[in-house]
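S.K.: This is the structure I have questions about; it appears just below.
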Amino acid sequence: MGYYFDIDYIIRSLPLLGKGALMTIEVSAATILLSSIFALPLAFLRVSKNKYISGAMYYYVQVMRNTPTLIKIYIAYFGLPSLGVMLNPVAAGLLALVTDHIAYVVEIYRAGILSVGRGQVQAAKAIGLRNWQVNYHIVIPQAFIQSLPALGNQFVIAIKDSSLLVTISVMELTMVGNRMAEATGNSYEVFLVTALIYLVIITTMSLFLKTVEKKKRFTY
Amino acid sequence: MNSSSYSMVPIFYSLLKASGLTLYYSVAIVSLGTLMGLILAALYSTGRKIFKAPISLFIFLVRGIPMIVHLFLFFYVLPLFGLRFPAIYIALVGLSIANSAYICEIFRGGIESVPHGQTAAFKSLGMSYWAGMKEIILPQAMRNALPPLVNWWVIMVKLTSLISVLSLRELTYAGREMSTFTGRPFTVLLLVALIYFCICFPLSRFGDYLERRFSYIH
């Protein structure tokens with residue numbers, strides 16, 4: 001075969017790949033943070049009694065669920081400039097990933113909101129709380145805690161989705177691996193190490209989520 | 001020629017032609033991936049260590065690595081071992097193998113949701129493992145596994161867009177090509193998204209229907 005595993009090269013490549021990994025974590029953390037903030041008001045629209053409002057939110061979720069993330073990334077990066085909106089790769093990628101993840105987080109929050117018993121809402125109204133007070137003091141705290149495990153899973157998905165930003169040259173882990181493979185021809189080593197780093201990040205994340213879930217019983 | 005003087009009709013036509021390829025690839029990876037996932041799940045639930053350990057490792061490896069990195073791994077690493085295939089086969093088989101891990105998990109969940117007493121019952125009737133699996137367990141497991149399976153098929157259709165990253169022609173690739181060709185990327189890409197939506201939406205509505213239909217306690 002005449003091919004050998006260049007361990008020396010791997011060690012020299014680690015600092016660069018580490019930088020890429022940091023970018024991957026930053027992008028996915030930002031994605032999940034932004035989408036869990038923006039999804040909260042939208043989740044209340046999704047469970048609204050007004051048929052048109054909840055219907056509009058339903059279709060937002062469906063459109064996001066049924067189109068590839070890659071196309072949204074392309075629309076944000078290649079499509080928006082023709083409307084006069086110029087974004088750098090990171091901003092465009094974040095915009096695409098956040099609009100995508102909001103749809104999933106809205107559904108997570110919706111399940112959380114619906115899991116809060118009607119009796120609690122009625123009781124809160126009976127003692128004279130206003131609607132926003134009911135939501136702020138009674139519904140949101142419980143719904144949020146119910147949603148935490150699913151949000152954690154969404155974080156893992158966000159880490160994997162951030163790899164798609166390789167297509168618009170965001171310098172995250174996959175892109176760094178790609179560039180190094182092109183520059184040196186050591187594609188075997190580079191992609192194996194890249195995959196290994198993803199494995200470490202994602203496994204650590206899911207183990208952490210599991211222990212948190214075990215420690216905290218998500219009930220009141 | 002001014003870019004705005006292009007008519008949208010030929011563009012739409014060439015996108016539709018490319019979406020034929022996307023449909024074809026989707027059917028290929030969905031059927032191959034589902035078949036492999038089913039075999040893996042059946043082997044896993046025999047409970048034998050020789051099957052369980054490697055399948056668990058395989059699932060762990062696949063789920064911890066993004067799909068696009070799997071594609072790059074298949075694409076760049078296989079030739080080093082002297083294995084040269086046309087790129088499209090690498091992409092399709094790679095996507096099928098990687099997705100079979102997720103589908104195995106779905107089937108395994110379905111099989112495990114069938115109460116254990118049923119296994120004990122068919123064994124006490126003298127049925128062999130595979131006969132009991134076929135007649136008793138799998139029909140019930142299917143009912144539990146079908147809704148998440150159909151939802152995973154939607155994800156697989158969307159994943160065919162990754163094939164374009166390897167510079168292979170399908171809907172997403174045609175969308176990028178047409179958007180440079182016409183200079184109207186926003187319109188063209190929106191059209192591409194619409195075509196994907198028309199393929200995926202009926203499928204995910206079907207998944208939601210199955211979920212409602214089968215969600216009763218037995």
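Ordering of the structure tokens sets the chain letters (A, B, ...); residue numbers start at 1 within each chain; ligands are numbered from 1 in the order shown.
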Can you tell me, as a PyMOL selection string, what residues are no more than 6 Å from Ala96 in chain A when counting only C-alpha atoms, ignoring any on the same chain fewer than 2 positions away?

M.R.: chain A and resi 72-73+93-94+98-99

S.K.: Can you list, as a VMD selection string, every protein, DNA or RNA residue that comes within 12 Å of range 192-197 of chain B when you count only C-alpha atoms, leaving out same-chain residues fewer than 4 positions away?

M.R.: (chain A and resid 59 to 75 79) or (chain B and resid 11 to 20 22 to 23 26 154 to 161 170 to 179 185 to 188 201 to 205)

S.K.: Could the residues in this selection be written to a file with C-alpha atoms, as a PDB file, in the first residue's frame?

M.R.:
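For reference, out.pdb as written:
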ATOM      1  CA  TYR A  59     -46.703  26.354   9.157  1.00  0.00           C
ATOM      2  CA  TYR A  60     -43.474  28.071  10.202  1.00  0.00           C
ATOM      3  CA  VAL A  61     -42.500  24.892  12.057  1.00  0.00           C
ATOM      4  CA  GLN A  62     -43.507  22.700   9.093  1.00  0.00           C
ATOM      5  CA  VAL A  63     -41.586  24.778   6.555  1.00  0.00           C
ATOM      6  CA  MET A  64     -38.446  24.577   8.687  1.00  0.00           C
ATOM      7  CA  ARG A  65     -38.915  20.856   9.363  1.00  0.00           C
ATOM      8  CA  ASN A  66     -39.359  20.000   5.697  1.00  0.00           C
ATOM      9  CA  THR A  67     -36.538  21.895   4.004  1.00  0.00           C
ATOM     10  CA  PRO A  68     -32.834  21.014   4.258  1.00  0.00           C
ATOM     11  CA  THR A  69     -30.677  23.122   6.573  1.00  0.00           C
ATOM     12  CA  LEU A  70     -28.124  23.423   3.785  1.00  0.00           C
ATOM     13  CA  ILE A  71     -30.608  25.311   1.596  1.00  0.00           C
ATOM     14  CA  LYS A  72     -31.322  27.749   4.430  1.00  0.00           C
ATOM     15  CA  ILE A  73     -27.591  28.332   4.837  1.00  0.00           C
ATOM     16  CA  TYR A  74     -27.298  29.023   1.095  1.00  0.00           C
ATOM     17  CA  ILE A  75     -30.286  31.378   1.157  1.00  0.00           C
ATOM     18  CA  GLY A  79     -29.472  34.683  -1.487  1.00  0.00           C
TER      19      GLY A  79
ATOM     20  CA  ILE B  11     -34.826  27.428 -14.750  1.00  0.00           C
ATOM     21  CA  PHE B  12     -37.815  25.807 -13.115  1.00  0.00           C
ATOM     22  CA  TYR B  13     -37.656  23.024 -15.669  1.00  0.00           C
ATOM     23  CA  SER B  14     -34.004  22.241 -14.982  1.00  0.00           C
ATOM     24  CA  LEU B  15     -34.634  22.345 -11.212  1.00  0.00           C
ATOM     25  CA  LEU B  16     -37.483  19.878 -11.655  1.00  0.00           C
ATOM     26  CA  LYS B  17     -35.178  17.597 -13.622  1.00  0.00           C
ATOM     27  CA  ALA B  18     -32.607  17.748 -10.821  1.00  0.00           C
ATOM     28  CA  SER B  19     -35.298  17.037  -8.240  1.00  0.00           C
ATOM     29  CA  GLY B  20     -35.902  13.777 -10.105  1.00  0.00           C
ATOM     30  CA  THR B  22     -32.972  13.866  -5.564  1.00  0.00           C
ATOM     31  CA  LEU B  23     -36.076  11.675  -5.466  1.00  0.00           C
ATOM     32  CA  SER B  26     -33.821   9.482  -1.572  1.00  0.00           C
ATOM     33  CA  VAL B 154     -38.004  12.913   6.009  1.00  0.00           C
ATOM     34  CA  ILE B 155     -34.616  13.647   7.578  1.00  0.00           C
ATOM     35  CA  MET B 156     -32.971  11.316   5.060  1.00  0.00           C
ATOM     36  CA  VAL B 157     -34.588  13.097   2.109  1.00  0.00           C
ATOM     37  CA  LYS B 158     -33.195  16.348   3.480  1.00  0.00           C
ATOM     38  CA  LEU B 159     -29.783  14.729   3.943  1.00  0.00           C
ATOM     39  CA  THR B 160     -29.531  13.983   0.212  1.00  0.00           C
ATOM     40  CA  SER B 161     -28.722  17.699  -0.119  1.00  0.00           C
ATOM     41  CA  GLU B 170     -28.844  16.811  -7.489  1.00  0.00           C
ATOM     42  CA  LEU B 171     -31.412  19.447  -6.511  1.00  0.00           C
ATOM     43  CA  THR B 172     -29.216  21.519  -4.178  1.00  0.00           C
ATOM     44  CA  TYR B 173     -26.322  21.436  -6.652  1.00  0.00           C
ATOM     45  CA  ALA B 174     -28.598  22.508  -9.488  1.00  0.00           C
ATOM     46  CA  GLY B 175     -29.895  25.307  -7.265  1.00  0.00           C
ATOM     47  CA  ARG B 176     -26.376  26.632  -6.662  1.00  0.00           C
ATOM     48  CA  GLU B 177     -25.550  26.297 -10.355  1.00  0.00           C
ATOM     49  CA  MET B 178     -28.710  28.057 -11.466  1.00  0.00           C
ATOM     50  CA  SER B 179     -28.271  30.844  -8.947  1.00  0.00           C
ATOM     51  CA  PRO B 185     -29.814  33.408  -6.121  1.00  0.00           C
ATOM     52  CA  PHE B 186     -32.628  34.369  -3.760  1.00  0.00           C
ATOM     53  CA  THR B 187     -35.460  33.443  -6.118  1.00  0.00           C
ATOM     54  CA  VAL B 188     -33.800  30.261  -7.330  1.00  0.00           C
ATOM     55  CA  PHE B 201     -44.311  17.809   3.664  1.00  0.00           C
ATOM     56  CA  PRO B 202     -46.650  14.970   2.586  1.00  0.00           C
ATOM     57  CA  LEU B 203     -44.227  12.455   4.087  1.00  0.00           C
ATOM     58  CA  SER B 204     -44.031  14.222   7.436  1.00  0.00           C
ATOM     59  CA  ARG B 205     -47.809  14.716   7.496  1.00  0.00           C
TER      60      ARG B 205
END

S.K.: Could you give me, as a PyMOL selection string, the residues within 7 Å of Ile32 in chain A, counting only C-alpha atoms and dropping anything in the same chain fewer than 4 positions from it?

M.R.: chain A and resi 28+36+155+158

S.K.: Should the cut-off be 10 Å, what would the residue list for chain A against chain B look like, counting only C-alpha atoms, as a PyMOL selection string?

M.R.: chain A and resi 1-3+62-72+74-83+156-157+159-164+166-167+173-174+177-178+181+185-192+194-204+206

S.K.: Got a sec: who's within 12 Å of Arg12 in chain A, counting only C-alpha atoms, leaving out chain neighbours fewer than 4 positions off, as a count of residues only?

M.R.: 10

S.K.: Applying 12 Å and only C-alpha atoms, which residues near range 126-141 of chain B remain after dropping the ones on its own chain fewer than 5 positions away? List them as an MDAnalysis selection string.

M.R.: chainID B and resid 38:39 41:43 45:47 106:121 146:149 214 218

S.K.: Please produce an output containing N, CA and C atoms for each residue in the selection, written as a short mmCIF file (atom, residue, chain, number, x, y, z; two decimals), in the first residue's frame.

M.R.:
data_model
loop_
_atom_site.label_atom_id
_atom_site.label_comp_id
_atom_site.auth_asym_id
_atom_site.auth_seq_id
_atom_site.Cartn_x
_atom_site.Cartn_y
_atom_site.Cartn_z
N LEU B 38 -32.92 -2.48 9.92
CA LEU B 38 -33.77 -3.57 10.40
C LEU B 38 -32.93 -4.80 10.73
N ILE B 39 -31.98 -5.13 9.85
CA ILE B 39 -31.12 -6.29 10.11
C ILE B 39 -30.30 -6.08 11.38
N ALA B 41 -31.02 -4.18 13.93
CA ALA B 41 -31.87 -4.22 15.12
C ALA B 41 -32.24 -5.66 15.47
N ALA B 42 -32.52 -6.47 14.42
CA ALA B 42 -32.88 -7.87 14.68
C ALA B 42 -31.70 -8.62 15.30
N LEU B 43 -30.49 -8.37 14.76
CA LEU B 43 -29.30 -9.02 15.32
C LEU B 43 -29.06 -8.55 16.75
N SER B 45 -31.21 -7.49 18.96
CA SER B 45 -32.14 -7.97 19.99
C SER B 45 -32.10 -9.48 20.19
N THR B 46 -31.17 -10.19 19.48
CA THR B 46 -30.95 -11.57 19.88
C THR B 46 -30.31 -11.61 21.27
N GLY B 47 -29.69 -10.47 21.67
CA GLY B 47 -29.09 -10.39 22.99
C GLY B 47 -27.73 -11.04 23.08
N ILE B 106 -34.22 3.20 16.14
CA ILE B 106 -35.68 3.34 16.08
C ILE B 106 -36.34 1.96 16.19
N PHE B 107 -35.85 0.98 15.41
CA PHE B 107 -36.42 -0.37 15.46
C PHE B 107 -36.20 -1.00 16.82
N ARG B 108 -34.99 -0.79 17.38
CA ARG B 108 -34.69 -1.36 18.69
C ARG B 108 -35.67 -0.82 19.73
N GLY B 109 -35.93 0.49 19.66
CA GLY B 109 -36.91 1.08 20.58
C GLY B 109 -38.26 0.42 20.41
N GLY B 110 -38.65 0.17 19.15
CA GLY B 110 -39.93 -0.47 18.88
C GLY B 110 -39.98 -1.88 19.45
N ILE B 111 -38.89 -2.63 19.23
CA ILE B 111 -38.86 -4.02 19.71
C ILE B 111 -38.88 -4.06 21.23
N GLU B 112 -38.12 -3.14 21.85
CA GLU B 112 -38.05 -3.15 23.32
C GLU B 112 -39.35 -2.70 23.96
N SER B 113 -40.20 -1.98 23.18
CA SER B 113 -41.45 -1.51 23.78
C SER B 113 -42.50 -2.63 23.83
N VAL B 114 -42.22 -3.75 23.16
CA VAL B 114 -43.13 -4.89 23.27
C VAL B 114 -42.83 -5.59 24.60
N PRO B 115 -43.86 -5.78 25.45
CA PRO B 115 -43.61 -6.33 26.79
C PRO B 115 -42.84 -7.66 26.73
N HIS B 116 -41.94 -7.84 27.70
CA HIS B 116 -41.07 -9.01 27.67
C HIS B 116 -41.86 -10.31 27.84
N GLY B 117 -43.01 -10.23 28.49
CA GLY B 117 -43.84 -11.42 28.67
C GLY B 117 -44.18 -12.11 27.36
N GLN B 118 -44.25 -11.34 26.28
CA GLN B 118 -44.59 -11.92 24.98
C GLN B 118 -43.48 -12.83 24.47
N THR B 119 -42.21 -12.42 24.71
CA THR B 119 -41.09 -13.27 24.34
C THR B 119 -41.14 -14.57 25.14
N ALA B 120 -41.36 -14.41 26.45
CA ALA B 120 -41.45 -15.59 27.31
C ALA B 120 -42.58 -16.50 26.83
N ALA B 121 -43.70 -15.88 26.42
CA ALA B 121 -44.86 -16.67 26.01
C ALA B 121 -44.57 -17.47 24.75
N LEU B 146 -43.05 2.68 13.47
CA LEU B 146 -43.38 3.29 12.18
C LEU B 146 -43.42 4.82 12.20
N PRO B 147 -44.11 5.45 13.18
CA PRO B 147 -44.12 6.92 13.14
C PRO B 147 -42.73 7.56 13.20
N PRO B 148 -41.85 7.17 14.17
CA PRO B 148 -40.51 7.77 14.14
C PRO B 148 -39.71 7.38 12.90
N LEU B 149 -40.00 6.20 12.35
CA LEU B 149 -39.29 5.78 11.14
C LEU B 149 -39.62 6.70 9.97
N PHE B 214 -51.52 5.59 16.02
CA PHE B 214 -50.99 4.48 16.79
C PHE B 214 -50.76 4.82 18.25
N HIS B 218 -51.51 -0.04 25.01
CA HIS B 218 -51.96 -1.42 24.85
C HIS B 218 -51.66 -2.23 26.09
#
